[in-house]
Amino acid sequence: MQLLEEKSCGDRPKWDNKAQYMLTCVGFCIGLGNVWRFPYLCQSHGGGAFMIPYLILLVLEGTPLLLLEFAIGQSLRKGSVGVWRAINPYLTGVGIASMLVSFLVGLYYNTIMAWIIWYLFNSFQYPLPWSQCPLNQNKTGYVPECAQSSPADYFWYRNTLNTSTSISESGGLQWWIVLCLLGAWILLCLCCIKGIESLGKAVYVTSTLPYVVLTIFLIRGLTLKGALSGIKFLFTPDVKELLNPSTWMDAGAQVLYSIGLAWGGLISFSSYNPVNNNCEKDAVILTVVSGCTSVYAATIIYSIIGFRATEKFDNCMSGNILTLLNAFNLTGGNITESNYYTVLNNLNTTNPVKMTKLNFSTCDIHHLLSEGVEGTGLAFIVFTEAITKMPVSPLWSVLFFIMLFCLGISTMFGSIEGVVVPLQDLNVFPKSCRKEVLTGITCLVSFLIALLFAQRSGNYWLALFDNFAGSIPLLTIAFFEMIAVVYVYGIDKFNEDFMFMIGHKPNMFWQVAWRFISPVIVLVIFVVYIVNKALQEFTYLVWDPSSESFPSLGEEKYPKWIPFIIFLLAGIPSLAVPIFALCRLIYIRYTNRQP
């Protein structure tokens, strides 16, 4: 181990200090998924009930795998490809799979950054452009598409995406998204151009500012009417959900997303540490920070959702009260929210015929709170709509999108590192090729491919990438990583390396988790996920103003050629490990026969 460390260290870059390293890891792990995916999963799986399996699997699945990645990267001082090739050349495919996932996810992740830049740019005006519908050409009313939906929906689907009604209908590039996308990739390239030397400086801002903004939103959110209703709804557990297998499956998958496991970025980051760094302590701290941030962000998000739901409930009640006042010629003070249901019951008893003819809206605060919106819809529709109801709304909008931008770009630092370092390890480019050039080439190629998402159908493509590129491959990579370390590298040898670095061998919990618990959990989640996907019909949601269900999103079947795309996104990264091992075996046997 000592000889290996002296040999591999060489001129490998190092972190300036421990804080820089930890902030970079925190920035990579704490991303957009913590702000919009975790709250949605809590809402759809019984609120506080989802947090129970999430926290359990965070300990049994997430922390052991995180420590394994930290320790193996720090001990072998190599990137995600070099580490597994050093363990066994046949395992090089594990690093290649991580590189492919980082590349594919980075393509659409930075497109979300482009959308954030677009919204941030439009936040510097009053009133906010998504606060009211535009007038039609005759100036006699609102644009029908907006009037039927909402200003926030219209600005997102029409002004921002100019979305088509089908994934097959590309619709051409949208120049404003192309410009924002170009800006996002240029900014990312400048931050990463010098490797850890440049991104290590950027994380002091990008990793800390989101917590400041989140705290500001928490303080503001708690002062809004209905905020506590949202928080109460979030933390009220539906115990029945604990018996639902999909709750545990989603919790296990969210653990991988929320810590950034199996991407290769954390292995690369840990390889820049001194060999005697206490990676065990780092893994525990990062797990606690990730878990607490998810819960903290969900609390803030649902304080705002509670405010939005209460606003809608009050408007609904006001409309119904006005209907009753007009129908029965009553004065304004006769019916209030406090006596509304009493008056309604009396009128249903005394005037049943007349009451049946009135057009009432159903006002249900629980239903409004339970309206689940995932991913981009939560950030670009629900949250932006709630911001328009706040005083000085442009200020809150600017803060919100600056926070999202910092969360996103700090995660992209790890994604780029997860691509560039493996390319160096694989010697794809000449060794004389500087890392700055390699980073620039990677960003340029990524930008050109990401133009796919700047089309009118781009939102549908992004959803497809999100559903498949970062799901099944992460599970297979995580499984192969644990099998590689425990049963190929050898757990006894790994324990010796661990003791050399930390000063003591891994305790019994780590041993049992690495050998049995974590691999079994990941394997079970993988099998259940595959079975669920196999039983589901491949459909996607579309924005179609001509649909009868509009403004609700319509459900359409994917074209027949989509399974081929899904195989490229999920199948190739997942099969990279066995395919590379088989190709290497064939190559070695062939060269042995033909020396």
# chains A, B, ... in the order shown; residues from 1 in each chain; ligands from 1
$ residues_around --residues "range 261-269 of chain A" --least-positions-apart "5" --cutoff "6 Å" --atoms "only C-alpha atoms" --output "PDB file with all heavy atoms, in the first residue's frame"
ATOM      1  N   GLU A  69     -16.483   4.300  -1.593  1.00  0.00           N
ATOM      2  CA  GLU A  69     -15.963   5.127  -2.689  1.00  0.00           C
ATOM      3  C   GLU A  69     -14.867   6.070  -2.194  1.00  0.00           C
ATOM      4  O   GLU A  69     -13.847   6.258  -2.868  1.00  0.00           O
ATOM      5  CB  GLU A  69     -17.110   5.916  -3.334  1.00  0.00           C
ATOM      6  CG  GLU A  69     -18.066   5.053  -4.140  1.00  0.00           C
ATOM      7  CD  GLU A  69     -18.939   5.884  -5.073  1.00  0.00           C
ATOM      8  OE1 GLU A  69     -18.889   7.123  -5.011  1.00  0.00           O
ATOM      9  OE2 GLU A  69     -19.684   5.283  -5.879  1.00  0.00           O
ATOM     10  N   PHE A  70     -15.086   6.695  -1.039  1.00  0.00           N
ATOM     11  CA  PHE A  70     -14.075   7.581  -0.479  1.00  0.00           C
ATOM     12  C   PHE A  70     -12.768   6.827  -0.228  1.00  0.00           C
ATOM     13  O   PHE A  70     -11.680   7.286  -0.585  1.00  0.00           O
ATOM     14  CB  PHE A  70     -14.572   8.191   0.836  1.00  0.00           C
ATOM     15  CG  PHE A  70     -15.410   9.428   0.656  1.00  0.00           C
ATOM     16  CD1 PHE A  70     -16.127   9.952   1.711  1.00  0.00           C
ATOM     17  CD2 PHE A  70     -15.488  10.074  -0.567  1.00  0.00           C
ATOM     18  CE1 PHE A  70     -16.893  11.098   1.570  1.00  0.00           C
ATOM     19  CE2 PHE A  70     -16.247  11.222  -0.732  1.00  0.00           C
ATOM     20  CZ  PHE A  70     -16.954  11.729   0.343  1.00  0.00           C
ATOM     21  N   GLY A  73     -10.924   5.462  -3.500  1.00  0.00           N
ATOM     22  CA  GLY A  73     -10.339   6.562  -4.260  1.00  0.00           C
ATOM     23  C   GLY A  73      -9.119   7.139  -3.569  1.00  0.00           C
ATOM     24  O   GLY A  73      -8.096   7.427  -4.198  1.00  0.00           O
ATOM     25  N   GLY A  79      -8.771   8.116 -10.540  1.00  0.00           N
ATOM     26  CA  GLY A  79     -10.148   8.435 -10.859  1.00  0.00           C
ATOM     27  C   GLY A  79     -10.997   7.185 -10.958  1.00  0.00           C
ATOM     28  O   GLY A  79     -10.554   6.072 -10.663  1.00  0.00           O
ATOM     29  N   SER A  80     -12.247   7.360 -11.414  1.00  0.00           N
ATOM     30  CA  SER A  80     -13.201   6.250 -11.387  1.00  0.00           C
ATOM     31  C   SER A  80     -12.815   5.105 -12.321  1.00  0.00           C
ATOM     32  O   SER A  80     -13.179   3.958 -12.073  1.00  0.00           O
ATOM     33  CB  SER A  80     -14.606   6.750 -11.744  1.00  0.00           C
ATOM     34  OG  SER A  80     -14.613   7.384 -13.009  1.00  0.00           O
ATOM     35  N   SER A  98     -19.637   4.564 -15.082  1.00  0.00           N
ATOM     36  CA  SER A  98     -19.798   5.803 -14.307  1.00  0.00           C
ATOM     37  C   SER A  98     -19.568   7.028 -15.183  1.00  0.00           C
ATOM     38  O   SER A  98     -20.286   8.027 -15.083  1.00  0.00           O
ATOM     39  CB  SER A  98     -18.823   5.819 -13.124  1.00  0.00           C
ATOM     40  OG  SER A  98     -19.123   4.811 -12.189  1.00  0.00           O
ATOM     41  N   SER A 102     -22.319   9.960 -15.948  1.00  0.00           N
ATOM     42  CA  SER A 102     -22.008  11.363 -15.676  1.00  0.00           C
ATOM     43  C   SER A 102     -22.177  12.218 -16.922  1.00  0.00           C
ATOM     44  O   SER A 102     -22.691  13.347 -16.863  1.00  0.00           O
ATOM     45  CB  SER A 102     -20.575  11.499 -15.146  1.00  0.00           C
ATOM     46  OG  SER A 102     -20.449  10.928 -13.861  1.00  0.00           O
ATOM     47  N   LEU A 256     -29.294   7.062  -3.534  1.00  0.00           N
ATOM     48  CA  LEU A 256     -28.204   7.150  -4.513  1.00  0.00           C
ATOM     49  C   LEU A 256     -28.154   8.528  -5.151  1.00  0.00           C
ATOM     50  O   LEU A 256     -27.072   9.091  -5.351  1.00  0.00           O
ATOM     51  CB  LEU A 256     -28.384   6.079  -5.592  1.00  0.00           C
ATOM     52  CG  LEU A 256     -28.304   4.611  -5.138  1.00  0.00           C
ATOM     53  CD1 LEU A 256     -28.480   3.687  -6.335  1.00  0.00           C
ATOM     54  CD2 LEU A 256     -26.983   4.310  -4.452  1.00  0.00           C
ATOM     55  N   GLY A 414     -18.973  18.004 -10.211  1.00  0.00           N
ATOM     56  CA  GLY A 414     -18.686  16.580 -10.057  1.00  0.00           C
ATOM     57  C   GLY A 414     -18.946  15.786 -11.314  1.00  0.00           C
ATOM     58  O   GLY A 414     -18.232  14.824 -11.615  1.00  0.00           O
ATOM     59  N   GLU A 417     -16.038  16.375 -13.639  1.00  0.00           N
ATOM     60  CA  GLU A 417     -14.888  15.641 -13.105  1.00  0.00           C
ATOM     61  C   GLU A 417     -15.039  14.151 -13.371  1.00  0.00           C
ATOM     62  O   GLU A 417     -14.065  13.448 -13.644  1.00  0.00           O
ATOM     63  CB  GLU A 417     -14.772  15.892 -11.595  1.00  0.00           C
ATOM     64  CG  GLU A 417     -13.514  15.343 -10.953  1.00  0.00           C
ATOM     65  CD  GLU A 417     -12.273  16.158 -11.267  1.00  0.00           C
ATOM     66  OE1 GLU A 417     -12.407  17.258 -11.836  1.00  0.00           O
ATOM     67  OE2 GLU A 417     -11.166  15.693 -10.927  1.00  0.00           O
ATOM     68  N   GLY A 418     -16.286  13.654 -13.314  1.00  0.00           N
ATOM     69  CA  GLY A 418     -16.563  12.243 -13.575  1.00  0.00           C
ATOM     70  C   GLY A 418     -16.416  11.852 -15.028  1.00  0.00           C
ATOM     71  O   GLY A 418     -16.451  10.661 -15.357  1.00  0.00           O
ATOM     72  N   LEU A 474     -27.205   3.524 -12.355  1.00  0.00           N
ATOM     73  CA  LEU A 474     -26.654   3.797 -11.020  1.00  0.00           C
ATOM     74  C   LEU A 474     -26.758   2.575 -10.121  1.00  0.00           C
ATOM     75  O   LEU A 474     -25.840   2.282  -9.342  1.00  0.00           O
ATOM     76  CB  LEU A 474     -27.390   4.981 -10.384  1.00  0.00           C
ATOM     77  CG  LEU A 474     -27.145   6.360 -10.987  1.00  0.00           C
ATOM     78  CD1 LEU A 474     -27.944   7.412 -10.230  1.00  0.00           C
ATOM     79  CD2 LEU A 474     -25.665   6.711 -10.968  1.00  0.00           C
ATOM     80  N   ILE A 477     -24.115  -0.016 -11.282  1.00  0.00           N
ATOM     81  CA  ILE A 477     -22.757   0.424 -10.932  1.00  0.00           C
ATOM     82  C   ILE A 477     -22.510   0.250  -9.443  1.00  0.00           C
ATOM     83  O   ILE A 477     -21.456  -0.250  -9.029  1.00  0.00           O
ATOM     84  CB  ILE A 477     -22.539   1.889 -11.351  1.00  0.00           C
ATOM     85  CG1 ILE A 477     -22.573   2.020 -12.873  1.00  0.00           C
ATOM     86  CG2 ILE A 477     -21.206   2.415 -10.826  1.00  0.00           C
ATOM     87  CD1 ILE A 477     -22.661   3.452 -13.358  1.00  0.00           C
ATOM     88  N   ALA A 478     -23.477   0.667  -8.621  1.00  0.00           N
ATOM     89  CA  ALA A 478     -23.328   0.540  -7.175  1.00  0.00           C
ATOM     90  C   ALA A 478     -23.135  -0.920  -6.773  1.00  0.00           C
ATOM     91  O   ALA A 478     -22.290  -1.243  -5.907  1.00  0.00           O
ATOM     92  CB  ALA A 478     -24.549   1.120  -6.464  1.00  0.00           C
TER      93      ALA A 478
END
$ select_by_dssp --residues "range 266-439 of chain A" --states "helix (DSSP H, G or I)" --output "VMD selection string"
chain A and resid 266 to 270 279 to 328 332 to 334 340 to 350 352 to 356 365 to 369 376 to 388 393 to 425 435 to 439
$ closest_atom_pairs --of "range 46-150 of chain A" --to "range 387-405 of chain A" --cutoff "10 Å" --atoms "only C-alpha atoms" --output "tab-separated table"
residue	atom	partner	partner_atom	distance
A:Asn110	CA	A:Phe405	CA	9.9
A:Ile112	CA	A:Phe405	CA	9.1
A:Met113	CA	A:Phe405	CA	6.3
A:Ala114	CA	A:Phe405	CA	9.1
A:Trp115	CA	A:Phe405	CA	9.7
A:Ile116	CA	A:Phe401	CA	6.1
A:Ile117	CA	A:Phe405	CA	7.5
A:Trp118	CA	A:Phe401	CA	9.5
A:Tyr119	CA	A:Phe401	CA	7.2
A:Leu120	CA	A:Phe401	CA	5.7
A:Phe121	CA	A:Val398	CA	8.5
A:Asn122	CA	A:Val398	CA	9.0
A:Ser123	CA	A:Pro394	CA	5.4
A:Phe124	CA	A:Pro394	CA	6.2
A:Gln125	CA	A:Pro394	CA	6.6
A:Tyr126	CA	A:Pro394	CA	6.6
A:Pro127	CA	A:Pro394	CA	7.5
A:Leu128	CA	A:Pro394	CA	6.4
A:Pro129	CA	A:Thr388	CA	9.6
A:Trp130	CA	A:Thr388	CA	7.9
A:Ser131	CA	A:Thr388	CA	5.8
A:Gln132	CA	A:Thr388	CA	9.3
$ write_last_selection --atoms "C-alpha atoms" --output "PDB file, in the first residue's frame"
ATOM      1  CA  ASN A 110     -27.013  21.671 -17.582  1.00  0.00           C
ATOM      2  CA  ILE A 112     -32.021  22.729 -16.549  1.00  0.00           C
ATOM      3  CA  MET A 113     -29.318  25.260 -15.669  1.00  0.00           C
ATOM      4  CA  ALA A 114     -30.101  27.040 -18.945  1.00  0.00           C
ATOM      5  CA  TRP A 115     -33.783  27.205 -17.987  1.00  0.00           C
ATOM      6  CA  ILE A 116     -32.795  28.613 -14.598  1.00  0.00           C
ATOM      7  CA  ILE A 117     -30.704  31.302 -16.319  1.00  0.00           C
ATOM      8  CA  TRP A 118     -33.698  32.201 -18.512  1.00  0.00           C
ATOM      9  CA  TYR A 119     -35.991  32.562 -15.485  1.00  0.00           C
ATOM     10  CA  LEU A 120     -33.330  34.483 -13.567  1.00  0.00           C
ATOM     11  CA  PHE A 121     -33.005  36.911 -16.488  1.00  0.00           C
ATOM     12  CA  ASN A 122     -36.795  37.405 -16.577  1.00  0.00           C
ATOM     13  CA  SER A 123     -36.948  37.947 -12.805  1.00  0.00           C
ATOM     14  CA  PHE A 124     -35.468  41.446 -13.094  1.00  0.00           C
ATOM     15  CA  GLN A 125     -38.776  43.071 -14.008  1.00  0.00           C
ATOM     16  CA  TYR A 126     -42.014  44.040 -12.318  1.00  0.00           C
ATOM     17  CA  PRO A 127     -44.519  42.589 -12.545  1.00  0.00           C
ATOM     18  CA  LEU A 128     -43.030  39.168 -13.142  1.00  0.00           C
ATOM     19  CA  PRO A 129     -43.877  37.957 -16.673  1.00  0.00           C
ATOM     20  CA  TRP A 130     -45.551  34.815 -15.335  1.00  0.00           C
ATOM     21  CA  SER A 131     -47.839  36.760 -12.979  1.00  0.00           C
ATOM     22  CA  GLN A 132     -50.472  37.632 -15.590  1.00  0.00           C
TER      23      GLN A 132
END
$ closest_residue --among "A:Phe494, A:Ala454, A:Leu368, A:Glu481" --to "Trp175 in chain A" --atoms "only C-alpha atoms"
A:Ala454
$ residues_around --residues "range 213-228 of chain A" --least-positions-apart "5" --cutoff "7 Å" --atoms "only C-alpha atoms" --output "list in words"
Ile300, Ser303, Ile304, Gly306, Phe307, Thr310, Leu399 and Met403 of chain A
$ closest_atom_pairs --of "range 47-153 of chain A" --to "range 231-236 of chain A" --cutoff "10 Å" --atoms "only C-alpha atoms" --output "Markdown table"
| residue | atom | partner | partner_atom | distance |
| --- | --- | --- | --- | --- |
| A:Gly47 | CA | A:Leu234 | CA | 4.6 |
| A:Gly48 | CA | A:Phe235 | CA | 4.3 |
| A:Ala49 | CA | A:Thr236 | CA | 7.7 |
| A:Phe50 | CA | A:Phe235 | CA | 9.4 |
| A:Met51 | CA | A:Phe235 | CA | 8.9 |
$ residues_around --residues "range 296-299 of chain A" --least-positions-apart "2" --cutoff "6 Å" --atoms "only C-alpha atoms" --output "VMD selection string"
chain A and resid 35 39 231 292 to 294 301 to 302
$ closest_atom_pairs --of "range 64-138 of chain A" --to "range 436-452 of chain A" --cutoff "10 Å" --atoms "only C-alpha atoms" --output "Markdown table"
| residue | atom | partner | partner_atom | distance |
| --- | --- | --- | --- | --- |
| A:Phe103 | CA | A:Ser446 | CA | 7.8 |
| A:Leu104 | CA | A:Ser446 | CA | 8.8 |
| A:Gly106 | CA | A:Ser446 | CA | 8.0 |
| A:Leu107 | CA | A:Ala450 | CA | 5.5 |
| A:Tyr108 | CA | A:Ala450 | CA | 6.8 |
| A:Tyr109 | CA | A:Ala450 | CA | 9.6 |
| A:Asn110 | CA | A:Ala450 | CA | 8.4 |
| A:Thr111 | CA | A:Ala450 | CA | 7.1 |
$ atom_distance --atom1 "CA of Leu57 in chain A" --atom2 "CA of Met501 in chain A"
26.7 Å
$ closest_residue --among "A:Trp185, A:Tyr142, A:Phe480, A:Phe516" --to "Phe413 in chain A" --atoms "only C-alpha atoms"
A:Trp185
$ residues_around --residues "range 164-170 of chain A" --least-positions-apart "6" --cutoff "12 Å" --atoms "only C-alpha atoms" --output "NGL selection string"
:A and (157-158 or 451-464 or 539-547 or 550 or 553-562)
$ atom_distance --atom1 "CA of Met99 in chain A" --atom2 "CA of Phe526 in chain A"
20.0 Å
$ closest_atom_pairs --of "range 106-169 of chain A" --to "range 376-383 of chain A" --cutoff "8 Å" --atoms "only C-alpha atoms" --output "tab-separated table"
residue	atom	partner	partner_atom	distance
A:Ala152	CA	A:Ile381	CA	5.4
A:Asp153	CA	A:Ile381	CA	6.0
A:Trp156	CA	A:Phe380	CA	6.7
$ write_last_selection --atoms "all heavy atoms" --output "CSV table (one decimal), in the first residue's frame"
chain,number,residue,atom,x,y,z
A,152,ALA,N,-48.5,31.1,-14.9
A,152,ALA,CA,-47.3,30.3,-14.7
A,152,ALA,C,-47.1,29.2,-15.7
A,152,ALA,O,-46.0,28.9,-16.2
A,152,ALA,CB,-47.2,29.8,-13.2
A,153,ASP,N,-48.2,28.5,-15.9
A,153,ASP,CA,-48.2,27.4,-16.9
A,153,ASP,C,-47.8,27.9,-18.3
A,153,ASP,O,-47.0,27.3,-19.0
A,153,ASP,CB,-49.5,26.6,-16.9
A,153,ASP,CG,-49.7,25.7,-15.7
A,153,ASP,OD1,-48.8,25.0,-15.4
A,153,ASP,OD2,-50.8,25.8,-15.2
A,156,TRP,N,-44.2,28.9,-18.8
A,156,TRP,CA,-43.3,27.8,-18.8
A,156,TRP,C,-43.4,27.0,-20.1
A,156,TRP,O,-42.4,26.8,-20.8
A,156,TRP,CB,-43.6,26.9,-17.6
A,156,TRP,CG,-43.0,25.5,-17.6
A,156,TRP,CD1,-43.5,24.3,-17.6
A,156,TRP,CD2,-41.5,25.3,-17.7
A,156,TRP,NE1,-42.6,23.3,-17.7
A,156,TRP,CE2,-41.4,23.9,-17.7
A,156,TRP,CE3,-40.4,26.1,-17.7
A,156,TRP,CZ2,-40.1,23.2,-17.7
A,156,TRP,CZ3,-39.1,25.4,-17.7
A,156,TRP,CH2,-39.0,24.1,-17.8
